[in-house]
Each structure stands twice: as structure tokens, then as C-alpha cells.
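Asks: My questions will all concern the structure given below.
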Amino acid sequence: MNKKILIAASVLGLTSVIFGAFGAHSLKTLISVEAQQTFETGVRYQMYHAILLLFVGSTSLVKPKPKKVIFYFTLVGLLFFSGSIYGLATNQLTAFDFKSIAFITPIGGLLLILSWGVLIANFLKMRAKND
């Protein structure tokens, strides 16, 4: 599971850098400043959660079951949250109306919040060694 999490984290980090560069350079003349800022929000949250997954996949402090839950909540959360934000920010450039699926953005945000909650719960359940 750790290898899968680390590979996914690396891919998410790589694509967030690519999307960030794309948004800053290629989209600059195609979408409004407000839409660019929206796009950047998606990139920023994708990178934050790539770093979260790098931590989760490389530590023994997170037990296997919470690790799996965090992984799937984060992946689906990013797909819904950042993915819908990318679509909404570039809506005027596509034939598909991303506003029709905008309701998935907060669902994705909730899944991201839950992934952090699972991490907190995991830490609260840890036995103290030298506390």
C-alpha cells in the first residue's frame, strides 16, 4: 500500500506543477484573472494533498487501515474538488458546462477534510511511549 500511496503522491505533485505552469502561462490570455485565481486554488490544494500522501505513505505512525482510508478519501476528494475547480475555471473553453457538476466541489472538499480527520483520529489512538 505504501508504494501505491507514494506513487500516487508523486504523480499528484508532478501534475500540480504542470497544471500550475499551464495555468500561469498558457491560460493567462484565455481566461479571466478571477478564473486564473480559481484554477490556482485547485493547483494549491492538489499540491497540499500530494504532500499529505507523501507523509502518509512514508511513515509507520499511521496504521494500515487509516492509511488506506486517507488514501482513497484524498484521491476521490482531489478528483472532485480540484478536478471540478479546473473544469469550472476553464468552463468557457470547453463544450461541456462544468457548472452542471459544480455540486461535487464541496463533496470533494468534505472528503479532503475527512482524510485529515482520519489522520487526527489515528494520532489520538496512538499509545504514548514517552509522553
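Letters A, B, ... mark the chains of the C-alpha cells in the order given; residue numbers begin at 1 per chain; ligand numbers begin at 1, in order shown.
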What's around A:Ser32 at 12 Å? Count only C-alpha atoms, leave out sequence neighbours fewer than 6 positions away in its own chain, and write the answer as a PyMOL selection string.
Replies: chain A and resi 23-24+38-39+88-93
Asks: Counting only C-alpha atoms, which residues of stretch 37-108 of chain A fall within 7 Å of stretch 5-16 of chain A, and what is the closest atom pair for each with its distance in Å at one decimal, ordered by chain and rising number, as CSV?
Replies:
```
residue,atom,partner,partner_atom,distance
A:Val43,CA,A:Ser16,CA,5.3
A:Gln46,CA,A:Ser16,CA,6.1
A:Met47,CA,A:Gly13,CA,5.5
A:Ala50,CA,A:Ala9,CA,4.5
A:Ile51,CA,A:Ala9,CA,6.8
A:Leu53,CA,A:Ala9,CA,5.3
A:Leu54,CA,A:Leu6,CA,5.6
A:Gly57,CA,A:Ile5,CA,5.3
A:Phe71,CA,A:Ile5,CA,6.6
```
Asks: Go ahead and write the residues just picked, N, CA, C and O atoms, as an mmCIF file, in the first residue's frame.
Replies:
```
data_model
loop_
_atom_site.group_PDB
_atom_site.id
_atom_site.type_symbol
_atom_site.label_atom_id
_atom_site.label_comp_id
_atom_site.auth_asym_id
_atom_site.auth_seq_id
_atom_site.Cartn_x
_atom_site.Cartn_y
_atom_site.Cartn_z
ATOM 1 N N VAL A 43 -4.840 23.947 -7.974
ATOM 2 C CA VAL A 43 -3.442 23.512 -8.007
ATOM 3 C C VAL A 43 -2.873 23.461 -6.589
ATOM 4 O O VAL A 43 -2.207 22.489 -6.206
ATOM 5 N N GLN A 46 -4.226 20.577 -4.605
ATOM 6 C CA GLN A 46 -3.665 19.326 -5.118
ATOM 7 C C GLN A 46 -2.261 19.120 -4.561
ATOM 8 O O GLN A 46 -1.927 18.015 -4.123
ATOM 9 N N MET A 47 -1.446 20.167 -4.538
ATOM 10 C CA MET A 47 -0.086 20.026 -4.017
ATOM 11 C C MET A 47 -0.097 19.760 -2.513
ATOM 12 O O MET A 47 0.662 18.923 -2.029
ATOM 13 N N ALA A 50 -0.876 16.191 -2.126
ATOM 14 C CA ALA A 50 0.228 15.331 -2.586
ATOM 15 C C ALA A 50 1.246 15.198 -1.460
ATOM 16 O O ALA A 50 1.749 14.099 -1.178
ATOM 17 N N ILE A 51 1.524 16.297 -0.783
ATOM 18 C CA ILE A 51 2.469 16.278 0.346
ATOM 19 C C ILE A 51 1.901 15.454 1.494
ATOM 20 O O ILE A 51 2.631 14.678 2.133
ATOM 21 N N LEU A 53 -0.074 12.891 1.223
ATOM 22 C CA LEU A 53 0.078 11.478 0.849
ATOM 23 C C LEU A 53 1.534 11.026 0.900
ATOM 24 O O LEU A 53 1.803 9.864 1.231
ATOM 25 N N LEU A 54 2.474 11.922 0.596
ATOM 26 C CA LEU A 54 3.890 11.559 0.744
ATOM 27 C C LEU A 54 4.201 11.218 2.194
ATOM 28 O O LEU A 54 4.906 10.253 2.490
ATOM 29 N N GLY A 57 2.290 7.859 3.180
ATOM 30 C CA GLY A 57 2.895 6.683 2.554
ATOM 31 C C GLY A 57 4.293 6.354 3.057
ATOM 32 O O GLY A 57 4.778 5.249 2.858
ATOM 33 N N PHE A 71 -5.904 7.522 1.960
ATOM 34 C CA PHE A 71 -5.519 7.455 0.548
ATOM 35 C C PHE A 71 -6.737 7.627 -0.369
ATOM 36 O O PHE A 71 -6.744 8.481 -1.257
#
```
Asks: Write down as number ranges by chain the residues belonging to chain A that are assigned alpha helix (DSSP H) by DSSP computed on the backbone.
Replies: A: 2-21, 33-58, 64-89, 104-124
Asks: Smallest atom-to-atom distance to A:Val17: which of A:Tyr48, A:Ser115, A:Ser84, A:Ile107, using only C-alpha atoms?
Replies: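 Counting only C-alpha atoms, the residue closest to A:Val17 is A:Tyr48.
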Asks: Of the candidates A:Trp116, A:Phe123, A:Phe80, A:Tyr86, which one gets nearest to A:Gln37 if we count only C-alpha atoms?
Replies: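 For A:Gln37, the nearest of the candidates is A:Tyr86.
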Asks: What's the separation between atom CA of A:His49 and atom CA of A:Met1, in Å to one decimal place?
Replies: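 Rounded to one decimal, the two atoms are 17.0 Å apart.
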Asks: To one decimal place in Å, what is the distance between atom CA of A:Ser26 and atom CA of A:Leu112?
Replies: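 A separation of 28.3 Å between them.
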Asks: Using only C-alpha atoms, which of the listed residues (A:Gly117, A:Gly20, A:Gly77, A:Pro106) sits closest to A:Thr41?
Replies: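 Of all the options, A:Gly20 lies closest to A:Thr41.
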Asks: May I ask which of the residues A:Ser60, A:Ser100, A:Asn122, A:Thr94 is the closest one to A:Ile31, counting only C-alpha atoms?
Replies: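 Of the candidates, the smallest distance to A:Ile31 is held by A:Thr94.
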Asks: Of the candidates A:Ile70, A:Glu34, A:Thr29, A:Ala95, which one gets nearest to A:Leu114 if we count only C-alpha atoms?
Replies: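 The answer is A:Ile70, which sits nearest to A:Leu114.
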Asks: Point out the residue among A:Tyr45, A:Ser58, A:Leu27, A:Ile18 with the least atom-to-atom distance to A:Lys3, counting only C-alpha atoms.
Replies: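 Smallest separation from A:Lys3 among the options: A:Ser58.
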